[in-house]
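coords-v3.tsv, holding TSV, C-alpha atoms and all ligand atoms:
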chain	number	residue	atom	x	y	z
H	1	MET	CA	17.11	-75.63	-16.25
H	2	LYS	CA	17.76	-73.50	-13.19
H	3	LYS	CA	18.05	-69.77	-12.52
H	4	VAL	CA	21.34	-68.49	-11.14
H	5	LEU	CA	22.20	-64.92	-10.11
H	6	LEU	CA	23.77	-63.26	-13.16
H	7	SER	CA	26.28	-61.50	-10.90
H	8	SER	CA	27.58	-64.88	-9.68
H	9	VAL	CA	28.44	-66.09	-13.21
H	10	ARG	CA	31.66	-65.21	-15.05
H	11	GLY	CA	32.39	-65.38	-18.75
H	12	GLU	CA	34.53	-63.80	-21.43
H	13	LEU	CA	33.21	-60.40	-22.57
H	14	LEU	CA	32.92	-60.22	-26.36
H	15	PRO	CA	32.84	-57.16	-28.64
H	16	LEU	CA	29.22	-56.04	-29.17
H	17	GLU	CA	29.25	-56.93	-32.87
H	18	LYS	CA	29.79	-60.61	-31.96
H	19	TYR	CA	26.56	-60.93	-29.94
H	20	ILE	CA	24.28	-58.06	-31.03
H	21	HIS	CA	22.22	-60.50	-33.16
H	22	VAL	CA	21.59	-62.69	-30.08
H	23	LEU	CA	20.73	-59.59	-28.05
H	24	GLY	CA	18.11	-58.64	-30.66
H	25	ASP	CA	16.77	-62.19	-30.65
H	26	VAL	CA	16.47	-62.25	-26.82
H	27	ILE	CA	14.50	-58.97	-26.86
H	28	ARG	CA	12.25	-60.05	-29.77
H	29	GLU	CA	11.51	-63.43	-28.19
H	30	TRP	CA	11.46	-61.92	-24.67
H	31	SER	CA	13.25	-65.05	-23.53
H	32	ALA	CA	16.72	-66.58	-23.42
H	33	PRO	CA	18.12	-70.13	-23.75
H	34	PRO	CA	20.21	-71.54	-20.89
H	35	VAL	CA	24.01	-71.37	-20.82
H	36	HIS	CA	26.31	-74.11	-19.62
H	37	VAL	CA	28.52	-73.28	-16.63
H	38	ASN	CA	31.23	-75.33	-14.87
H	39	GLU	CA	31.56	-75.84	-11.11
H	40	ASP	CA	33.19	-72.35	-10.75
H	41	ASN	CA	30.14	-70.75	-12.43
H	42	THR	CA	32.23	-69.93	-15.51
H	43	VAL	CA	30.32	-69.97	-18.82
H	44	MET	CA	31.48	-72.91	-20.96
H	45	ASP	CA	29.30	-72.46	-24.08
H	46	ASN	CA	26.74	-70.05	-25.53
H	47	LEU	CA	28.95	-67.06	-24.71
H	48	GLU	CA	26.80	-64.86	-26.98
H	49	THR	CA	23.74	-65.48	-24.78
H	50	TYR	CA	25.77	-64.79	-21.65
H	51	ASN	CA	26.96	-61.50	-23.17
H	52	ALA	CA	23.44	-60.56	-24.32
H	53	LEU	CA	22.08	-61.08	-20.79
H	54	TRP	CA	25.07	-59.32	-19.25
H	55	ALA	CA	24.26	-56.32	-21.48
H	56	LEU	CA	20.51	-56.33	-20.61
H	57	GLY	CA	21.03	-56.89	-16.90
H	58	PRO	CA	18.27	-59.19	-15.52
H	59	ARG	CA	18.72	-60.50	-11.97
H	60	PHE	CA	19.07	-64.15	-13.12
H	61	ILE	CA	20.62	-66.10	-15.98
H	62	PRO	CA	19.21	-69.52	-17.04
H	63	VAL	CA	21.72	-72.33	-16.54
H	64	LYS	CA	21.50	-75.85	-18.02
H	65	ASP	CA	20.95	-78.80	-15.74
H	66	ALA	CA	20.33	-82.53	-16.40
H	67	GLN	CA	16.64	-81.88	-17.26
H	68	SER	CA	17.24	-79.06	-19.77
H	69	GLY	CA	15.71	-79.74	-23.18
H	70	PRO	CA	17.48	-78.54	-26.35
H	71	LEU	CA	14.90	-75.83	-27.28
H	72	GLU	CA	14.03	-74.65	-23.80
H	73	ARG	CA	14.00	-70.88	-23.14
H	74	ILE	CA	13.04	-68.83	-20.12
H	75	SER	CA	11.20	-65.51	-20.23
H	76	LEU	CA	12.88	-62.23	-19.33
H	77	ASN	CA	10.10	-61.60	-16.79
H	78	GLU	CA	11.08	-64.78	-14.96
H	79	LEU	CA	14.71	-63.69	-15.13
H	80	ASP	CA	13.57	-60.46	-13.37
H	81	LEU	CA	14.67	-57.98	-16.04
H	82	TYR	CA	13.44	-54.87	-14.21
H	83	TYR	CA	14.72	-55.75	-10.75
H	84	GLU	CA	17.04	-52.73	-10.46
H	85	LEU	CA	14.37	-50.26	-11.58
H	86	GLU	CA	11.62	-51.69	-9.38
H	87	ALA	CA	13.37	-50.46	-6.26
H	88	TRP	CA	13.06	-46.88	-7.53
H	89	ASN	CA	10.32	-44.34	-8.11
H	90	PRO	CA	9.62	-44.51	-11.86
H	91	ARG	CA	9.78	-40.66	-12.02
H	92	VAL	CA	7.10	-40.22	-14.67
H	93	TYR	CA	4.99	-37.09	-14.36
H	94	ASP	CA	2.00	-35.69	-16.21
H	95	ASN	CA	3.37	-32.15	-16.37
H	96	VAL	CA	6.21	-29.94	-15.12
H	97	VAL	CA	4.28	-28.83	-12.03
H	98	GLU	CA	4.13	-32.44	-10.90
H	99	LEU	CA	7.79	-32.80	-11.84
H	100	VAL	CA	8.97	-29.86	-9.74
H	101	SER	CA	6.80	-30.74	-6.76
H	102	ARG	CA	6.97	-34.53	-6.67
H	103	ASP	CA	10.42	-35.45	-7.94
H	104	ILE	CA	11.73	-35.46	-4.39
H	105	PRO	CA	13.64	-36.02	-2.22
H	106	THR	CA	16.64	-34.50	-3.95
H	107	PRO	CA	19.64	-36.79	-3.47
H	108	MET	CA	22.03	-36.72	-0.53
H	109	VAL	CA	25.56	-37.97	-0.89
H	110	LYS	CA	28.35	-38.58	1.61
H	111	LEU	CA	31.41	-36.50	0.68
H	112	LYS	CA	34.62	-38.47	1.06
H	113	SER	CA	36.63	-35.25	0.57
H	114	LEU	CA	35.42	-33.75	3.86
H	115	SER	CA	34.40	-36.74	5.98
H	116	THR	CA	36.90	-37.92	8.60
H	117	GLY	CA	37.01	-40.61	11.30
H	118	ASN	CA	34.38	-38.87	13.43
H	119	VAL	CA	32.65	-36.58	10.95
H	120	VAL	CA	30.35	-37.68	8.12
H	121	VAL	CA	29.47	-34.89	5.70
H	122	TRP	CA	26.20	-35.35	3.81
H	123	ALA	CA	25.65	-33.00	0.87
H	124	LYS	CA	22.04	-32.36	-0.14
H	125	LEU	CA	22.23	-31.75	-3.89
H	126	GLU	CA	19.69	-29.13	-4.81
H	127	TRP	CA	20.61	-28.75	-8.45
H	128	TYR	CA	18.27	-31.70	-9.05
H	129	HIS	CA	15.35	-29.40	-9.83
H	130	PRO	CA	14.09	-28.76	-13.36
H	131	PHE	CA	13.85	-25.00	-13.95
H	132	SER	CA	16.69	-23.15	-12.22
H	133	LEU	CA	18.70	-26.29	-11.43
H	134	SER	CA	18.74	-24.97	-7.88
H	135	ILE	CA	17.05	-25.01	-4.49
H	136	LYS	CA	14.97	-21.99	-5.54
H	137	ASP	CA	12.59	-24.02	-7.72
H	138	ARG	CA	10.97	-25.13	-4.49
H	139	VAL	CA	10.27	-21.53	-3.52
H	140	ALA	CA	9.14	-20.48	-7.00
H	141	TRP	CA	6.76	-23.44	-7.21
H	142	TYR	CA	5.24	-22.92	-3.77
H	143	MET	CA	4.83	-19.15	-4.11
H	144	LEU	CA	3.35	-19.27	-7.60
H	145	THR	CA	1.01	-22.24	-7.24
H	146	SER	CA	-0.31	-20.94	-3.91
H	147	ALA	CA	-0.90	-17.50	-5.45
H	148	ILE	CA	-2.76	-19.10	-8.37
H	149	GLU	CA	-4.83	-21.34	-6.09
H	150	ARG	CA	-5.80	-18.42	-3.87
H	151	GLY	CA	-6.70	-16.19	-6.80
H	152	PHE	CA	-3.89	-13.67	-6.15
H	153	ILE	CA	-2.72	-13.57	-9.76
H	154	LYS	CA	-5.12	-10.94	-11.05
H	155	SER	CA	-3.01	-9.97	-14.05
H	156	ASN	CA	-1.00	-12.34	-16.23
H	157	VAL	CA	2.34	-10.63	-15.58
H	158	LEU	CA	4.89	-11.42	-12.85
H	159	TYR	CA	7.78	-9.15	-11.85
H	160	GLU	CA	10.52	-10.41	-9.52
H	161	PRO	CA	13.82	-9.04	-8.25
H	162	THR	CA	16.26	-11.95	-8.36
H	163	SER	CA	19.96	-12.65	-8.51
H	164	THR	CA	19.25	-15.62	-10.87
H	165	ASN	CA	17.76	-18.75	-9.40
H	166	THR	CA	14.34	-17.73	-8.08
H	167	GLY	CA	13.85	-15.86	-11.34
H	168	LEU	CA	14.65	-18.95	-13.42
H	169	GLY	CA	12.29	-21.05	-11.31
H	170	LEU	CA	9.48	-18.52	-11.65
H	171	VAL	CA	9.98	-17.97	-15.37
H	172	GLY	CA	9.95	-21.73	-16.06
H	173	LEU	CA	6.75	-22.30	-14.14
H	174	ALA	CA	5.14	-19.07	-15.37
H	175	ASN	CA	5.74	-20.25	-18.95
H	176	TYR	CA	3.83	-23.43	-18.13
H	177	TYR	CA	0.94	-21.36	-16.78
H	178	ASN	CA	1.06	-18.96	-19.74
H	179	LEU	CA	2.08	-15.96	-17.63
H	180	LYS	CA	4.51	-13.26	-18.74
H	181	THR	CA	7.59	-12.48	-16.66
H	182	ARG	CA	9.97	-9.62	-16.12
H	183	VAL	CA	13.04	-10.22	-13.94
H	184	TYR	CA	15.11	-7.46	-12.38
H	185	LEU	CA	18.77	-8.44	-12.04
H	186	PRO	CA	21.43	-6.63	-9.97
H	187	SER	CA	24.62	-5.37	-11.63
H	188	THR	CA	26.61	-8.19	-10.00
H	189	THR	CA	24.84	-11.08	-11.75
H	190	GLN	CA	26.95	-12.58	-14.54
H	191	LYS	CA	26.17	-11.21	-18.00
H	192	CYS	CA	25.57	-14.71	-19.42
H	193	ILE	CA	22.52	-15.12	-17.14
H	194	ASP	CA	20.64	-12.57	-19.30
H	195	TYR	CA	20.82	-15.06	-22.18
H	196	LEU	CA	19.24	-17.80	-20.07
H	197	PHE	CA	16.30	-15.54	-19.24
H	198	VAL	CA	15.92	-14.29	-22.79
H	199	ALA	CA	16.02	-17.86	-24.10
H	200	MET	CA	13.22	-18.69	-21.65
H	201	GLY	CA	11.17	-15.79	-23.01
H	202	ALA	CA	11.45	-13.46	-19.99
H	203	GLU	CA	12.06	-9.73	-20.12
H	204	VAL	CA	15.27	-8.74	-18.35
H	205	VAL	CA	15.83	-5.42	-16.61
H	206	ARG	CA	19.33	-4.73	-15.29
H	207	LYS	CA	19.50	-2.44	-12.27
H	208	ASN	CA	22.49	-0.39	-11.31
H	209	THR	CA	22.78	-1.86	-7.81
H	210	PRO	CA	24.93	-4.74	-6.58
H	211	ILE	CA	22.34	-6.16	-4.15
H	212	THR	CA	19.04	-7.77	-5.14
H	213	THR	CA	17.19	-6.57	-2.04
H	214	ALA	CA	17.96	-2.94	-2.87
H	215	MET	CA	15.63	-3.30	-5.87
H	216	ILE	CA	12.53	-4.55	-4.03
H	217	ASP	CA	10.80	-1.20	-3.49
H	218	SER	CA	11.30	0.02	-7.04
H	219	VAL	CA	10.14	-3.34	-8.47
H	220	ILE	CA	6.97	-3.18	-6.33
H	221	LEU	CA	6.35	0.37	-7.56
H	222	ASP	CA	6.88	-0.65	-11.21
H	223	ALA	CA	4.51	-3.57	-10.73
H	224	ALA	CA	1.82	-1.39	-9.12
H	225	ARG	CA	2.11	1.05	-12.03
H	226	ASN	CA	1.85	-1.71	-14.66
H	227	GLY	CA	-0.62	-4.02	-12.91
H	228	ALA	CA	1.92	-6.83	-12.42
H	229	VAL	CA	2.23	-9.21	-9.46
H	230	VAL	CA	5.39	-9.45	-7.29
H	231	LEU	CA	5.59	-12.70	-5.30
H	232	ASN	CA	8.59	-11.30	-3.40
H	233	GLN	CA	10.74	-14.20	-2.20
H	234	PHE	CA	12.33	-11.93	0.42
H	235	GLU	CA	9.13	-11.39	2.43
H	236	ASN	CA	6.83	-14.22	1.33
H	237	ASP	CA	6.59	-16.72	4.23
H	238	LEU	CA	6.01	-19.55	1.78
H	239	ASN	CA	9.77	-19.32	1.15
H	240	PHE	CA	10.33	-20.54	4.74
H	241	ILE	CA	7.33	-22.88	4.79
H	242	VAL	CA	8.24	-24.81	1.62
H	243	HIS	CA	11.60	-25.68	3.17
H	244	LEU	CA	9.98	-26.64	6.47
H	245	LYS	CA	7.44	-28.84	4.73
H	246	TYR	CA	9.80	-30.49	2.26
H	247	THR	CA	13.56	-29.76	2.41
H	248	THR	CA	13.91	-30.36	6.16
H	249	LYS	CA	11.61	-33.37	6.28
H	250	GLU	CA	13.51	-34.86	3.34
H	251	VAL	CA	16.84	-34.49	5.17
H	252	ASP	CA	15.41	-36.05	8.32
H	253	TYR	CA	13.83	-38.91	6.38
H	254	GLN	CA	16.93	-39.52	4.27
H	255	LEU	CA	19.30	-39.72	7.24
H	256	ALA	CA	16.80	-41.85	9.19
H	257	SER	CA	16.88	-44.32	6.28
H	258	ARG	CA	20.54	-44.86	7.28
H	259	GLY	CA	19.73	-45.00	11.00
H	260	ARG	CA	21.23	-41.53	11.52
H	261	ARG	CA	20.18	-38.00	12.37
H	262	PRO	CA	21.88	-34.65	11.90
H	263	LYS	CA	24.17	-33.25	14.58
H	264	VAL	CA	25.18	-30.21	12.53
H	265	VAL	CA	23.50	-28.28	9.71
H	266	ILE	CA	25.43	-25.77	7.58
H	267	GLY	CA	23.95	-23.58	4.86
H	268	GLY	CA	24.25	-20.24	3.07
H	269	LEU	CA	22.11	-17.19	3.71
H	270	GLY	CA	20.39	-15.38	0.85
H	271	THR	CA	16.77	-14.75	1.76
H	272	SER	CA	17.52	-17.06	4.75
H	273	GLY	CA	14.55	-19.27	3.80
H	274	HIS	CA	16.20	-22.69	3.72
H	275	LEU	CA	18.67	-22.39	6.59
H	276	SER	CA	16.04	-20.84	8.89
H	277	ALA	CA	13.58	-23.66	8.20
H	278	LEU	CA	16.26	-26.33	8.74
H	279	SER	CA	17.35	-24.70	11.98
H	280	PHE	CA	13.80	-24.28	13.27
H	281	TYR	CA	12.82	-27.88	12.58
H	282	PHE	CA	15.97	-29.63	13.76
H	283	LYS	CA	16.53	-27.53	16.87
H	284	ASN	CA	12.91	-28.08	17.91
H	285	LYS	CA	12.96	-31.77	17.06
H	286	TYR	CA	16.35	-32.83	18.47
H	287	GLY	CA	17.49	-29.92	20.67
H	288	ASP	CA	21.21	-30.60	20.35
H	289	VAL	CA	21.65	-29.85	16.62
H	290	ARG	CA	24.18	-27.09	15.91
H	291	VAL	CA	23.37	-24.76	13.01
H	292	TYR	CA	25.88	-22.61	11.13
H	293	GLY	CA	24.96	-19.92	8.60
H	294	VAL	CA	27.43	-18.76	5.95
H	295	GLN	CA	27.67	-15.24	4.54
H	296	PRO	CA	30.22	-13.47	2.29
H	297	ARG	CA	33.11	-11.77	4.07
H	298	PRO	CA	32.82	-7.93	4.00
H	299	GLY	CA	33.71	-6.73	0.51
H	300	SER	CA	33.24	-10.18	-1.07
H	301	LEU	CA	30.39	-10.98	-3.47
H	302	ILE	CA	29.24	-14.60	-3.63
H	303	PRO	CA	26.28	-15.26	-5.94
H	304	GLY	CA	23.16	-16.34	-4.04
H	305	ILE	CA	24.25	-15.32	-0.54
H	306	ARG	CA	24.69	-11.98	1.23
H	307	ARG	CA	25.48	-10.53	4.62
H	308	VAL	CA	22.88	-10.84	7.36
H	309	GLU	CA	22.95	-7.09	8.09
H	310	THR	CA	21.56	-6.42	4.60
H	311	GLY	CA	18.24	-7.63	6.08
H	312	MET	CA	16.68	-11.11	6.08
H	313	LYS	CA	13.29	-12.04	7.42
H	314	TRP	CA	13.40	-15.56	8.82
H	315	VAL	CA	16.88	-15.82	10.30
H	316	ARG	CA	15.72	-13.29	12.92
H	317	LEU	CA	12.95	-15.69	14.02
H	318	VAL	CA	15.14	-18.76	14.62
H	319	GLU	CA	18.30	-19.71	16.46
H	320	VAL	CA	21.59	-19.96	14.55
H	321	ASP	CA	24.69	-20.86	16.57
H	322	LYS	CA	27.21	-19.01	14.48
H	323	ILE	CA	27.42	-16.99	11.27
H	324	ILE	CA	30.66	-17.67	9.39
H	325	ASP	CA	32.29	-15.23	6.95
H	326	VAL	CA	33.81	-16.70	3.78
H	327	SER	CA	35.51	-14.86	0.90
H	328	LEU	CA	34.75	-15.59	-2.76
H	329	GLU	CA	38.30	-16.93	-3.21
H	330	ASP	CA	37.96	-19.31	-0.24
H	331	ALA	CA	34.59	-20.46	-1.57
H	332	PHE	CA	36.20	-21.20	-4.94
H	333	GLU	CA	39.08	-23.02	-3.24
H	334	ALA	CA	36.52	-25.34	-1.61
H	335	VAL	CA	34.69	-25.80	-4.93
H	336	LEU	CA	37.98	-27.01	-6.46
H	337	TYR	CA	38.87	-29.12	-3.41
H	338	VAL	CA	35.63	-31.09	-3.54
H	339	ALA	CA	35.51	-31.21	-7.37
H	340	ARG	CA	38.99	-32.77	-7.46
H	341	ARG	CA	38.22	-35.38	-4.81
H	342	ASP	CA	34.50	-36.20	-5.04
H	343	GLY	CA	34.14	-35.17	-8.67
H	344	ILE	CA	31.16	-32.85	-8.21
H	345	LEU	CA	31.51	-29.23	-9.31
H	346	VAL	CA	29.23	-27.25	-7.00
H	347	GLY	CA	28.23	-23.58	-7.24
H	348	LEU	CA	29.97	-20.81	-5.34
H	349	SER	CA	27.50	-20.44	-2.47
H	350	ALA	CA	27.92	-24.19	-1.93
H	351	GLY	CA	31.69	-23.60	-2.07
H	352	ALA	CA	31.32	-21.08	0.77
H	353	VAL	CA	29.34	-23.63	2.80
H	354	LEU	CA	31.92	-26.33	2.13
H	355	TYR	CA	34.80	-24.02	3.03
H	356	ALA	CA	33.11	-23.21	6.35
H	357	THR	CA	32.50	-26.94	6.91
H	358	LYS	CA	36.13	-27.81	6.19
H	359	THR	CA	37.35	-25.12	8.59
H	360	LEU	CA	34.99	-26.25	11.37
H	361	ILE	CA	36.19	-29.84	10.94
H	362	GLU	CA	39.88	-28.84	10.90
H	363	ASN	CA	39.33	-26.85	14.12
H	364	ASN	CA	37.58	-29.86	15.74
H	365	GLU	CA	34.49	-27.72	16.30
H	366	ILE	CA	32.00	-30.24	14.91
H	367	GLU	CA	31.53	-33.99	14.78
H	368	GLY	CA	28.95	-36.61	13.87
H	369	ASP	CA	26.57	-36.35	10.93
H	370	VAL	CA	26.88	-32.98	9.23
H	371	VAL	CA	24.32	-31.88	6.64
H	372	VAL	CA	25.46	-29.28	4.11
H	373	VAL	CA	23.07	-27.76	1.60
H	374	VAL	CA	24.42	-27.44	-1.95
H	375	PRO	CA	22.05	-24.88	-3.56
H	376	ASP	CA	23.21	-25.28	-7.16
H	377	HIS	CA	25.85	-26.51	-9.62
H	378	GLY	CA	29.10	-24.92	-10.80
H	379	THR	CA	28.29	-24.91	-14.52
H	380	LYS	CA	26.15	-21.80	-13.99
H	381	TYR	CA	29.22	-19.82	-12.96
H	382	VAL	CA	31.62	-20.27	-15.90
H	383	GLU	CA	31.93	-16.53	-16.46
H	384	LEU	CA	32.94	-15.96	-12.84
H	385	MET	CA	35.05	-19.11	-12.81
H	386	GLU	CA	37.13	-17.79	-15.71
H	387	HIS	CA	38.20	-14.78	-13.60
H	388	LEU	CA	38.75	-16.89	-10.49
H	389	LEU	CA	40.88	-19.44	-12.34
H	390	GLU	CA	42.99	-16.68	-13.91
H	391	LYS	CA	43.44	-15.01	-10.52
H	392	MET	CA	43.94	-18.04	-8.31
H	393	CYS	CA	45.64	-20.50	-10.61
H	394	PRO	CA	47.77	-18.18	-12.85
H	395	ASP	CA	50.36	-20.89	-13.63
H	396	VAL	CA	47.79	-23.39	-14.82
H	397	PRO	CA	46.60	-22.73	-18.35
H	398	VAL	CA	42.85	-23.20	-18.56
H	399	THR	CA	43.37	-25.11	-21.78
H	400	SER	CA	46.61	-26.30	-23.29
H	401	ILE	CA	46.96	-26.02	-27.05
H	402	ALA	CA	48.47	-29.07	-28.66
H	501	LIG	N1	22.81	-20.17	-3.00
H	501	LIG	C1	22.26	-19.87	-4.18
H	501	LIG	C2	22.98	-20.26	-5.43
H	501	LIG	C3	21.03	-19.22	-4.22
H	501	LIG	O1	20.48	-18.93	-5.42
H	501	LIG	C4	20.40	-18.86	-3.01
H	501	LIG	C5	19.18	-18.10	-3.02
H	501	LIG	O2	18.81	-17.49	-4.02
H	501	LIG	C6	21.01	-19.20	-1.81
H	501	LIG	C7	22.21	-19.85	-1.84
H	501	LIG	C8	20.40	-18.82	-0.49
H	501	LIG	O3	19.21	-19.50	-0.20
H	501	LIG	P1	18.11	-18.81	0.68
H	501	LIG	O4	17.46	-17.76	-0.15
H	501	LIG	O5	17.17	-19.92	1.05
H	501	LIG	O6	18.78	-18.21	1.88
This entry written out as structure tokens:
Amino acid sequence: MKKVLLSSVRGELLPLEKYIHVLGDVIREWSAPPVHVNEDNTVMDNLETYNALWALGPRFIPVKDAQSGPLERISLNELDLYYELEAWNPRVYDNVVELVSRDIPTPMVKLKSLSTGNVVVWAKLEWYHPFSLSIKDRVAWYMLTSAIERGFIKSNVLYEPTSTNTGLGLVGLANYYNLKTRVYLPSTTQKCIDYLFVAMGAEVVRKNTPITTAMIDSVILDAARNGAVVLNQFENDLNFIVHLKYTTKEVDYQLASRGRRPKVVIGGLGTSGHLSALSFYFKNKYGDVRVYGVQPRPGSLIPGIRRVETGMKWVRLVEVDKIIDVSLEDAFEAVLYVARRDGILVGLSAGAVLYATKTLIENNEIEGDVVVVVPDHGTKYVELMEHLLEKMCPDVPVTSIA
């Protein structure tokens, strides 16, 4: 009996009900009998065993040779059953703090929809975090665990002004640590977000202001009055440092694994934490990296990002080559463009970043490896998407009724 790569063998694929008994037998016995193949590596007999192994996916399949005995079997370990998984991190964690801090790097994927002959666009997908399904879990984790470690959490109540994501990250982690949370949301955050917070057990206070930063002073006052702690993502330097220590190093490490390095970095500006850290690291490390920040066009509201003149701490401390204005409609156009070509439905701040990227590429302003940060996923914006689809695609019914 010899071992042959399963991928090199061909055979007829049967319906599951024809070989499920053999599949069960192979798992129970943890071994499989050999199959007979012809000179083209096509299975000639024992098709059920071939199908059972095809379904389980070991690296090798046992194949009969002149020495094979009639009852011989070979163990699944020898057939290398786990070979695909062994290349990966098993991703098992003892608790959610380990999960949020160690399940990194978040993936990066080349976007075929935006890449051209001389531009490769790499999207860093930040919805791969457990609490807010966004980049802001990093910030929530670093601010809260550092505050706990340093003994700054004197009461068991956290207050935070948030447009959504940092709040969701903090509430998730605070629940793990048995802390109570109150989030202050601006009037512009979608109504459905309240339900997410309430489901997580947080108290929600809606403020009558469109911008999150306009609430900071009153939230700090409320907290002082009620003995609560405000971690304040807008001023807390750990917001910048967590991206320097992890997000940027991940990007560098991930591109280096492909023998590449970034020439251009493009990201949205909210607190300015992630783009500032990326800019600081890459401009200091490589010198010739161009960095573009994206903000909403005057009068446009894009969840998660805002205009630089509304006040941001870290972007003032680093170099950014250009700040690009994007409207909500243009951001949504880019969301649809990428969703309909690469199949990933990103959030609206990511849409703004992708729109800016597409424009820079069309104007031949950038080339080489371009890193774009995708802060979160589009599913969080259904309420907003309903209005955008009605406004921008009026001829296309959202659902057709049969
Ligand atoms: N995009 C989304 C969806 C966000 O939630 C945020 C921040 O809350 C950003 C972009 C901006 O990130 P940063 O605060 O690091 O500037």
Cut-off 8 Å, all atoms listed in the file, neighbours of ligand LIG 501 (chain H) as a PyMOL selection string: chain H and resi 134-136+162-166+233-234+239-240+267-276+303-305+347-350+374-376
Find the residues of segment 252-354 of chain H that sit at most 9 Å from segment 195-212 of chain H; for each, write down the nearest two atoms and how far apart they are in Å, to one decimal. Count all atoms listed in the file. Sort by chain, then by number going up, and give it as a Markdown table.
| residue | atom | partner | partner_atom | distance |
| --- | --- | --- | --- | --- |
| H:Leu301 | CA | H:Pro210 | CA | 8.9 |
| H:Arg306 | CA | H:Ile211 | CA | 8.3 |
| H:Thr310 | CA | H:Ile211 | CA | 8.8 |
How would the residues just chosen look if you wrote them out with C-alpha atoms as a short mmCIF file (atom, residue, chain, number, x, y, z; two decimals), in the frame of the given file?
data_model
loop_
_atom_site.label_atom_id
_atom_site.label_comp_id
_atom_site.auth_asym_id
_atom_site.auth_seq_id
_atom_site.Cartn_x
_atom_site.Cartn_y
_atom_site.Cartn_z
CA LEU H 301 30.39 -10.98 -3.47
CA ARG H 306 24.69 -11.98 1.23
CA THR H 310 21.56 -6.42 4.60
#
Atom CA of Asn118 of chain H and atom CA of Leu345 of chain H are how many Å apart? 24.9 Å
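Among H:Arg91, H:Arg182, H:Lys283, H:Arg59, the residue with the shortest atom-to-atom distance to Leu6 of chain H, counting all atoms listed in the file, is H:Arg59.
With atom CA of Met143 of chain H on one side and atom CA of Glu250 of chain H on the other, the separation reads 19.4 Å.
For the pair atom CA of Ile302 of chain H and atom CA of Ser327 of chain H, the interatomic distance is 7.7 Å.
Taking all atoms listed in the file, the non-local environment of segment 329-341 of chain H within 9 Å (same-chain residues fewer than 5 positions away omitted) comprises Leu111, Lys112, Ser113, Leu114, Ser300, Ile302, Val346, Gly347, Leu348, Ser349, Ala350, Gly351, Ala352, Val353, Leu354, Tyr355, Ala356, Lys358, Gly378, Met385, Leu388, Leu389 and Met392 of chain H.
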Would you mind putting back N, CA and C atoms on segment 175-186 of chain H, then writing it out as a CSV table (one decimal), in the frame of the given file?
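File selection.csv, as written:
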chain,number,residue,atom,x,y,z
H,175,ASN,N,5.9,-19.9,-17.6
H,175,ASN,CA,5.7,-20.2,-19.0
H,175,ASN,C,4.7,-21.4,-19.1
H,176,TYR,N,4.8,-22.3,-18.1
H,176,TYR,CA,3.8,-23.4,-18.1
H,176,TYR,C,2.4,-22.9,-17.9
H,177,TYR,N,2.3,-21.9,-17.1
H,177,TYR,CA,0.9,-21.4,-16.8
H,177,TYR,C,0.5,-20.2,-17.7
H,178,ASN,N,1.4,-20.0,-18.8
H,178,ASN,CA,1.1,-19.0,-19.7
H,178,ASN,C,1.1,-17.5,-19.1
H,179,LEU,N,2.0,-17.3,-18.2
H,179,LEU,CA,2.1,-16.0,-17.6
H,179,LEU,C,3.3,-15.3,-18.2
H,180,LYS,N,3.3,-14.0,-18.3
H,180,LYS,CA,4.5,-13.3,-18.7
H,180,LYS,C,5.4,-12.9,-17.5
H,181,THR,N,6.7,-12.8,-17.8
H,181,THR,CA,7.6,-12.5,-16.7
H,181,THR,C,8.6,-11.4,-17.0
H,182,ARG,N,8.9,-10.6,-16.0
H,182,ARG,CA,10.0,-9.6,-16.1
H,182,ARG,C,10.9,-9.8,-14.9
H,183,VAL,N,12.1,-10.1,-15.1
H,183,VAL,CA,13.0,-10.2,-13.9
H,183,VAL,C,14.0,-9.0,-13.9
H,184,TYR,N,14.2,-8.6,-12.6
H,184,TYR,CA,15.1,-7.5,-12.4
H,184,TYR,C,16.4,-8.0,-11.8
H,185,LEU,N,17.5,-7.9,-12.5
H,185,LEU,CA,18.8,-8.4,-12.0
H,185,LEU,C,19.7,-7.3,-11.5
H,186,PRO,N,20.4,-7.6,-10.4
H,186,PRO,CA,21.4,-6.6,-10.0
H,186,PRO,C,22.6,-6.6,-10.9
